[in-house]
Every structure is written in structure tokens, then in C-alpha cells.
>>> print(open('target16.pdb').read())   # PDB, C-alpha atoms
ATOM      1  CA  ALA A 579      80.060  50.039  30.800
ATOM      2  CA  GLY A 580      82.528  52.821  30.133
ATOM      3  CA  PRO A 581      82.497  55.291  27.213
ATOM      4  CA  ALA A 582      85.117  53.298  25.271
ATOM      5  CA  GLU A 583      83.086  50.086  25.599
ATOM      6  CA  GLN A 584      79.864  51.876  24.482
ATOM      7  CA  MET A 585      81.728  53.285  21.478
ATOM      8  CA  ASN A 586      82.932  49.800  20.513
ATOM      9  CA  ARG A 587      79.390  48.403  20.809
ATOM     10  CA  ARG A 588      78.005  51.212  18.662
ATOM     11  CA  ASP A 589      80.728  50.707  16.041
ATOM     12  CA  LEU A 590      80.144  46.962  16.057
ATOM     13  CA  LEU A 591      76.384  47.446  15.748
ATOM     14  CA  ARG A 592      76.829  49.977  12.931
ATOM     15  CA  VAL A 593      79.177  47.675  10.988
ATOM     16  CA  THR A 594      76.913  44.668  11.532
ATOM     17  CA  LEU A 595      73.832  46.550  10.351
ATOM     18  CA  ALA A 596      75.641  47.954   7.316
ATOM     19  CA  ALA A 597      76.995  44.532   6.343
ATOM     20  CA  GLY A 598      73.625  42.840   6.874
ATOM     21  CA  GLY A 599      71.857  45.538   4.888
ATOM     22  CA  GLY A 600      74.358  45.253   2.042
ATOM     23  CA  LEU A 601      74.040  41.476   1.910
ATOM     24  CA  SER A 602      70.250  41.591   1.957
ATOM     25  CA  LEU A 603      70.208  44.114  -0.891
ATOM     26  CA  MET A 604      72.475  41.936  -3.015
ATOM     27  CA  GLY A 605      70.329  38.835  -2.487
ATOM     28  CA  HIS A 606      66.966  40.483  -3.046
ATOM     29  CA  SER A 607      67.585  42.725  -6.001
ATOM     30  CA  PRO A 608      64.396  43.100  -8.042
ATOM     31  CA  TYR A 609      66.543  43.347 -11.163
ATOM     32  CA  ARG A 610      68.011  39.890 -10.627
ATOM     33  CA  GLN A 611      64.500  38.458 -10.202
ATOM     34  CA  TRP A 612      63.363  40.277 -13.375
ATOM     35  CA  TYR A 613      66.258  38.788 -15.367
ATOM     36  CA  VAL A 614      65.404  35.289 -14.144
ATOM     37  CA  PHE A 615      61.704  35.784 -14.869
ATOM     38  CA  ARG A 616      62.402  37.015 -18.416
ATOM     39  CA  ALA A 617      64.751  34.108 -19.035
ATOM     40  CA  THR A 618      62.117  31.556 -18.016
ATOM     41  CA  HIS A 619      58.980  33.141 -19.560
ATOM     42  CA  LEU A 620      58.166  34.165 -23.112
ATOM     43  CA  ILE A 621      56.349  37.454 -22.614
ATOM     44  CA  VAL A 622      54.099  38.984 -25.275
ATOM     45  CA  VAL A 623      53.822  42.682 -24.484
ATOM     46  CA  THR A 624      51.139  44.966 -25.884
ATOM     47  CA  PRO A 625      50.128  48.592 -25.227
ATOM     48  CA  GLU A 626      47.335  49.038 -22.712
ATOM     49  CA  GLU A 627      46.198  52.136 -24.654
ATOM     50  CA  VAL A 628      44.897  49.888 -27.473
ATOM     51  CA  PRO A 629      41.383  48.536 -26.844
ATOM     52  CA  ASP A 630      41.177  44.720 -26.811
ATOM     53  CA  ALA A 631      44.943  44.338 -27.347
ATOM     54  CA  ARG A 632      45.331  42.527 -24.031
ATOM     55  CA  ALA A 633      42.703  39.958 -25.054
ATOM     56  CA  THR A 634      44.542  39.260 -28.311
ATOM     57  CA  ALA A 635      47.866  39.033 -26.470
ATOM     58  CA  GLU A 636      46.270  36.550 -24.040
ATOM     59  CA  ARG A 637      45.114  34.386 -27.006
ATOM     60  CA  VAL A 638      48.598  34.507 -28.516
ATOM     61  CA  ALA A 639      50.236  33.649 -25.184
ATOM     62  CA  ALA A 640      47.817  30.757 -24.605
ATOM     63  CA  ALA A 641      48.583  29.321 -28.063
ATOM     64  CA  LEU A 642      52.321  29.699 -27.423
ATOM     65  CA  ALA A 643      52.054  28.078 -23.987
ATOM     66  CA  ALA A 644      50.149  25.151 -25.526
ATOM     67  CA  GLY A 645      52.505  24.759 -28.492
ATOM     68  CA  LEU A 646      55.726  25.488 -26.579
ATOM     69  CA  PRO A 647      55.052  24.418 -22.965
ATOM     70  CA  ASP A 648      58.604  25.204 -21.845
ATOM     71  CA  SER A 649      58.107  28.818 -22.957
ATOM     72  CA  ARG A 650      55.729  29.555 -20.060
ATOM     73  CA  ALA A 651      54.285  32.196 -22.376
ATOM     74  CA  MET A 652      52.225  34.986 -20.917
ATOM     75  CA  ALA A 653      50.800  38.357 -21.895
ATOM     76  CA  ALA A 654      51.772  41.682 -20.365
ATOM     77  CA  THR A 655      51.018  45.322 -21.056
ATOM     78  CA  ALA A 656      53.062  48.477 -21.187
ATOM     79  CA  ARG A 657      51.504  51.920 -21.068
ATOM     80  CA  THR A 658      51.940  52.962 -24.704
ATOM     81  CA  SER A 659      53.174  51.621 -28.041
ATOM     82  CA  VAL A 660      56.308  53.727 -27.573
ATOM     83  CA  ASP A 661      56.971  51.952 -24.260
ATOM     84  CA  VAL A 662      56.426  48.580 -25.945
ATOM     85  CA  VAL A 663      58.943  49.410 -28.679
ATOM     86  CA  LYS A 664      61.464  50.605 -26.077
ATOM     87  CA  LEU A 665      61.175  47.222 -24.336
ATOM     88  CA  LEU A 666      61.855  45.481 -27.644
ATOM     89  CA  ARG A 667      64.717  47.754 -28.667
ATOM     90  CA  SER A 668      66.467  47.284 -25.319
ATOM     91  CA  HIS A 669      66.017  43.495 -25.600
ATOM     92  CA  GLN A 670      64.115  43.438 -22.317
ATOM     93  CA  LEU A 671      61.226  41.611 -24.005
ATOM     94  CA  PRO A 672      61.340  39.718 -27.308
ATOM     95  CA  LEU A 673      57.732  39.745 -28.597
ATOM     96  CA  ALA A 674      55.210  42.523 -28.999
ATOM     97  CA  LEU A 675      51.712  42.820 -30.346
ATOM     98  CA  LEU A 676      51.330  46.248 -31.966
ATOM     99  CA  PRO A 677      48.747  47.898 -34.200
ATOM    100  CA  GLY A 678      50.030  47.755 -37.783
ATOM    101  CA  ALA A 679      50.124  51.554 -38.097
ATOM    102  CA  GLU A 680      52.244  51.834 -34.936
ATOM    103  CA  ALA A 681      54.638  49.154 -36.197
ATOM    104  CA  VAL A 682      55.031  51.014 -39.504
ATOM    105  CA  ALA A 683      55.758  54.274 -37.652
ATOM    106  CA  ALA A 684      58.311  52.510 -35.412
ATOM    107  CA  VAL A 685      60.100  50.948 -38.403
ATOM    108  CA  GLY A 686      60.246  54.342 -40.127
ATOM    109  CA  GLY A 687      61.077  56.299 -36.979
ATOM    110  CA  THR A 688      58.138  58.630 -37.652
ATOM    111  CA  GLY A 689      55.236  60.027 -35.647
ATOM    112  CA  ARG A 690      55.442  59.051 -32.001
ATOM    113  CA  PHE A 691      58.714  57.225 -32.734
ATOM    114  CA  LEU A 692      60.558  60.217 -34.211
ATOM    115  CA  GLU A 693      62.653  60.755 -31.071
ATOM    116  CA  GLU A 694      63.605  57.055 -30.847
ATOM    117  CA  GLY A 695      64.515  56.717 -34.510
ATOM    118  CA  PRO A 696      63.866  53.719 -36.782
ATOM    119  CA  VAL A 697      63.495  50.305 -35.150
ATOM    120  CA  PRO A 698      64.164  47.155 -37.215
ATOM    121  CA  LEU A 699      60.892  45.347 -36.451
ATOM    122  CA  ARG A 700      59.802  42.235 -38.334
ATOM    123  CA  THR A 701      56.424  40.519 -38.406
ATOM    124  CA  LEU A 702      55.947  36.987 -37.136
ATOM    125  CA  ALA A 703      52.156  36.907 -37.316
ATOM    126  CA  VAL A 704      49.165  39.061 -38.255
ATOM    127  CA  PHE A 705      46.095  39.253 -36.002
ATOM    128  CA  GLY A 706      43.561  41.447 -37.757
ATOM    129  CA  ARG A 707      44.990  44.968 -37.511
ATOM    130  CA  ASP A 708      47.657  43.904 -35.027
ATOM    131  CA  LEU A 709      51.097  42.482 -35.754
ATOM    132  CA  LEU A 710      53.149  40.136 -33.601
ATOM    133  CA  VAL A 711      56.602  41.649 -34.034
ATOM    134  CA  VAL A 712      60.211  40.985 -33.055
ATOM    135  CA  LEU A 713      63.492  42.688 -33.837
ATOM    136  CA  ASP A 714      65.169  41.630 -37.082
ATOM    137  CA  ASP A 715      67.976  39.913 -35.124
ATOM    138  CA  PHE A 716      65.528  37.583 -33.343
ATOM    139  CA  PRO A 717      66.847  33.999 -33.628
ATOM    140  CA  LEU A 718      65.611  32.254 -36.782
ATOM    141  CA  GLY A 719      64.939  28.898 -35.116
ATOM    142  CA  LYS A 720      63.001  30.474 -32.273
ATOM    143  CA  ALA A 721      60.926  32.496 -34.764
ATOM    144  CA  ARG A 722      60.024  29.289 -36.626
ATOM    145  CA  GLN A 723      59.017  27.588 -33.366
ATOM    146  CA  ILE A 724      56.744  30.498 -32.474
ATOM    147  CA  VAL A 725      55.148  30.604 -35.920
ATOM    148  CA  LYS A 726      54.554  26.843 -35.798
ATOM    149  CA  ALA A 727      53.028  27.078 -32.303
ATOM    150  CA  LEU A 728      50.623  29.775 -33.542
ATOM    151  CA  ALA A 729      49.466  27.704 -36.535
ATOM    152  CA  GLU A 730      46.089  26.919 -34.930
ATOM    153  CA  LEU A 731      45.198  30.627 -35.068
ATOM    154  CA  ARG A 732      45.831  30.926 -38.845
ATOM    155  CA  PRO A 733      42.875  31.142 -41.293
ATOM    156  CA  SER A 734      44.751  32.896 -44.158
ATOM    157  CA  ALA A 735      48.031  34.639 -45.019
ATOM    158  CA  PRO A 736      47.815  38.295 -46.103
ATOM    159  CA  ASP A 737      50.700  40.687 -46.364
ATOM    160  CA  SER A 738      52.086  42.694 -43.487
ATOM    161  CA  PRO A 739      52.778  46.445 -43.709
ATOM    162  CA  ILE A 740      56.298  45.698 -42.447
ATOM    163  CA  PRO A 741      58.549  42.849 -43.628
ATOM    164  CA  PHE A 742      58.111  39.361 -42.250
ATOM    165  CA  HIS A 743      60.933  37.888 -40.187
ATOM    166  CA  ALA A 744      63.072  35.340 -42.033
ATOM    167  CA  GLY A 745      61.627  32.662 -39.712
ATOM    168  CA  ALA A 746      58.136  33.354 -41.085
ATOM    169  CA  LEU A 747      58.871  34.015 -44.769
ATOM    170  CA  ALA A 748      57.201  30.979 -46.275
ATOM    171  CA  PRO A 749      53.550  31.919 -46.982
ATOM    172  CA  ALA A 750      52.444  28.623 -45.463
ATOM    173  CA  ASP A 751      54.150  29.655 -42.202
ATOM    174  CA  ARG A 752      52.515  33.073 -41.925
ATOM    175  CA  VAL A 753      50.081  33.280 -39.070
ATOM    176  CA  VAL A 754      47.038  35.449 -39.569
ATOM    177  CA  ALA A 755      43.871  35.665 -37.530
ATOM    178  CA  PRO A 756      40.817  37.871 -38.024
ATOM    179  CA  ALA A 757      40.419  40.989 -35.927
ATOM    180  CA  ALA A 758      38.767  40.275 -32.589
ATOM    181  CA  ARG A 759      37.532  43.844 -32.295
TER     182      ARG A 759
END
>>> encode(input="target16.pdb", output="C-alpha cells")
Amino acid sequence: AGPAEQMNRRDLLRVTLAAGGGLSLMGHSPYRQWYVFRATHLIVVTPEEVPDARATAERVAAALAAGLPDSRAMAATARTSVDVVKLLRSHQLPLALLPGAEAVAAVGGTGRFLEEGPVPLRTLAVFGRDLLVVLDDFPLGKARQIVKALAELRPSAPDSPIPFHAGALAPADRVVAPAAR
């Protein structure tokens, strides 16, 4: 084969590899898979820095999965409470289980949340010292479904240090469980 033919083969190979690589990247984007996963699973995120938070999140997710089977609810952790709030604020995840003091700081934009500024969190349920929170624009109907699905975990209805979501305003709807710690 002459130099011109070798050049054409190299160019053809280069173009084929580039096109194949581009197509494979488009079809296997981890972001696309993450969007699909989030759309098909109700994820309760909690900070891994909080002892026993994962266990509480697992209980909440199990109750949600039982009460709302289509939710495919599951628990997940993020490194810190700040990371959890960032996931909520960016609408990457809808539900979080946070210590009450951390939720208050996030709502006020104080302490560890000073740089992020105030976050409009609302309580759906109280689990001892922890709050199941959403953003204030969380859909009302979905909030009511979640509160109803968590009813089996409710022994009483105390106040929350941050406002309850409109979907959980009726005292009979408030979900509260004793601290598991």
C-alpha cells in the first residue's frame, strides 16, 4: 500500500474511533443514569457524620416503600449536613433527614450554612432529634402521601423547630417517632 492509501486508512480509522467514542459517551453518560434513577426512586438522604442517622433513614425509607410501593424509597448518605442541604437546594434529592439543630441553622443561614444562605426547609416528620425535611415548594399532594405512608411510625405530635410543610399541617398528620439513639 502506498503512502496515500495509508493516510486514507489512518484518517478513516481516526474518524471511526472518534465517532464511536462520541456515540458511546452519549449513550453511557452517568448523569443520564442518575436522572433516571432519581426519577424512579424516592431517596431519603442523611449526613453520614451523624451517628445512627443512616439507621433512622433506613426505617423511614422502609415505611415509605411499604406505604408507597411505586416510590421505590431508599436511604442514602452524604458526607455532611451541608452536603445534604446542597442536594435539597439544587433539587437533586427531595427528602432529607437532618438533626433539628442543623435544620434550624440551614433555615436561618447561620453556622455551617452561613456561606450558602437561608434555605426554605419545611418539616414533614419528626424522629426524635431528627427532622424529615423538604423544601417549601415540595408538592402538597406528594407531602401528604409521604406523611400518610409514615403514619405507622407516629406515637405523638410535638412541635418542630422549623415550620411544618403545608402537607403536614394538621396535627393528626404530623409524624413523630422517639429517638432511636
>>> residues_around(input="target16.pdb", residues="Ala631 of chain A", least_positions_apart="5", cutoff="12 Å", atoms="only C-alpha atoms", output="PyMOL selection string")
chain A and resi 622-626+636-638+653-659+674-677+705-710+757-759
>>> atom_distance(input="target16.pdb", atom1="atom CA of His743 of chain A", atom2="atom CA of Leu699 of chain A")
8.3 Å
>>> resolve_selection(input="target16.pdb", expression="the PyMOL selection byres ((chain A and resi 682) around 12)", output="JSON, numbers by chain")
{"A": [659, 663, 676, 677, 678, 679, 680, 681, 683, 684, 685, 686, 687, 688, 689, 690, 691, 692, 696, 697, 698, 699, 700, 701, 707, 708, 709, 711, 738, 739, 740, 741]}
>>> closest_residue(input="target16.pdb", among="A:Ala729, A:Met652, A:Val704, A:Val712", to="Lys664 of chain A", atoms="all atoms listed in the file")
A:Val712
>>> atom_distance(input="target16.pdb", atom1="atom CA of Asp648 of chain A", atom2="atom CA of Leu620 of chain A")
9.1 Å
>>> closest_residue(input="target16.pdb", among="A:Phe742, A:Arg667, A:Ala703, A:Thr634", to="Leu728 of chain A", atoms="only C-alpha atoms")
A:Ala703
>>> resolve_selection(input="target16.pdb", expression="the PyMOL selection byres ((chain A and resi 642) around 7)", output="tab-separated table (two decimals) with C-alpha atoms, in the frame of the given file")
chain	number	residue	atom	x	y	z
A	638	VAL	CA	48.60	34.51	-28.52
A	639	ALA	CA	50.24	33.65	-25.18
A	640	ALA	CA	47.82	30.76	-24.60
A	641	ALA	CA	48.58	29.32	-28.06
A	643	ALA	CA	52.05	28.08	-23.99
A	644	ALA	CA	50.15	25.15	-25.53
A	645	GLY	CA	52.50	24.76	-28.49
A	646	LEU	CA	55.73	25.49	-26.58
A	651	ALA	CA	54.28	32.20	-22.38
A	724	ILE	CA	56.74	30.50	-32.47
A	727	ALA	CA	53.03	27.08	-32.30
A	728	LEU	CA	50.62	29.78	-33.54
>>> atom_distance(input="target16.pdb", atom1="atom CA of Val662 of chain A", atom2="atom CA of Arg722 of chain A")
22.3 Å
>>> decode(input="target16.pdb", residues="segment 660-675 of chain A", atoms="N, CA and C atoms", output="mmCIF file, in the first residue's frame")
data_model
loop_
_atom_site.group_PDB
_atom_site.id
_atom_site.type_symbol
_atom_site.label_atom_id
_atom_site.label_comp_id
_atom_site.auth_asym_id
_atom_site.auth_seq_id
_atom_site.Cartn_x
_atom_site.Cartn_y
_atom_site.Cartn_z
ATOM 1 N N VAL A 660 -24.205 19.931 55.489
ATOM 2 C CA VAL A 660 -24.109 20.961 54.448
ATOM 3 C C VAL A 660 -24.288 20.320 53.071
ATOM 4 N N ASP A 661 -23.672 19.172 52.846
ATOM 5 C CA ASP A 661 -23.828 18.470 51.570
ATOM 6 C C ASP A 661 -25.277 18.041 51.359
ATOM 7 N N VAL A 662 -25.921 17.583 52.420
ATOM 8 C CA VAL A 662 -27.326 17.173 52.336
ATOM 9 C C VAL A 662 -28.189 18.363 51.915
ATOM 10 N N VAL A 663 -27.986 19.501 52.544
ATOM 11 C CA VAL A 663 -28.778 20.692 52.228
ATOM 12 C C VAL A 663 -28.501 21.166 50.795
ATOM 13 N N LYS A 664 -27.274 21.039 50.335
ATOM 14 C CA LYS A 664 -26.962 21.404 48.950
ATOM 15 C C LYS A 664 -27.728 20.515 47.968
ATOM 16 N N LEU A 665 -27.851 19.230 48.286
ATOM 17 C CA LEU A 665 -28.616 18.317 47.436
ATOM 18 C C LEU A 665 -30.095 18.699 47.404
ATOM 19 N N LEU A 666 -30.616 19.134 48.539
ATOM 20 C CA LEU A 666 -32.008 19.598 48.573
ATOM 21 C C LEU A 666 -32.163 20.885 47.773
ATOM 22 N N ARG A 667 -31.325 21.856 48.077
ATOM 23 C CA ARG A 667 -31.437 23.179 47.450
ATOM 24 C C ARG A 667 -31.349 23.088 45.929
ATOM 25 N N SER A 668 -30.518 22.207 45.422
ATOM 26 C CA SER A 668 -30.350 22.060 43.978
ATOM 27 C C SER A 668 -31.406 21.145 43.358
ATOM 28 N N HIS A 669 -32.340 20.681 44.161
ATOM 29 C CA HIS A 669 -33.419 19.788 43.734
ATOM 30 C C HIS A 669 -32.889 18.462 43.185
ATOM 31 N N GLN A 670 -31.695 18.067 43.611
ATOM 32 C CA GLN A 670 -31.188 16.766 43.191
ATOM 33 C C GLN A 670 -31.872 15.654 43.965
ATOM 34 N N LEU A 671 -32.174 15.908 45.236
ATOM 35 C CA LEU A 671 -32.912 14.957 46.070
ATOM 36 C C LEU A 671 -34.004 15.722 46.809
ATOM 37 N N PRO A 672 -35.163 15.088 47.020
ATOM 38 C CA PRO A 672 -36.290 15.812 47.610
ATOM 39 C C PRO A 672 -36.432 15.714 49.125
ATOM 40 N N LEU A 673 -35.942 14.656 49.739
ATOM 41 C CA LEU A 673 -36.146 14.408 51.171
ATOM 42 C C LEU A 673 -34.829 14.279 51.899
ATOM 43 N N ALA A 674 -34.778 14.858 53.097
ATOM 44 C CA ALA A 674 -33.570 14.719 53.911
ATOM 45 C C ALA A 674 -33.950 14.502 55.362
ATOM 46 N N LEU A 675 -33.138 13.771 56.040
ATOM 47 C CA LEU A 675 -33.269 13.567 57.477
ATOM 48 C C LEU A 675 -32.089 14.290 58.118
#
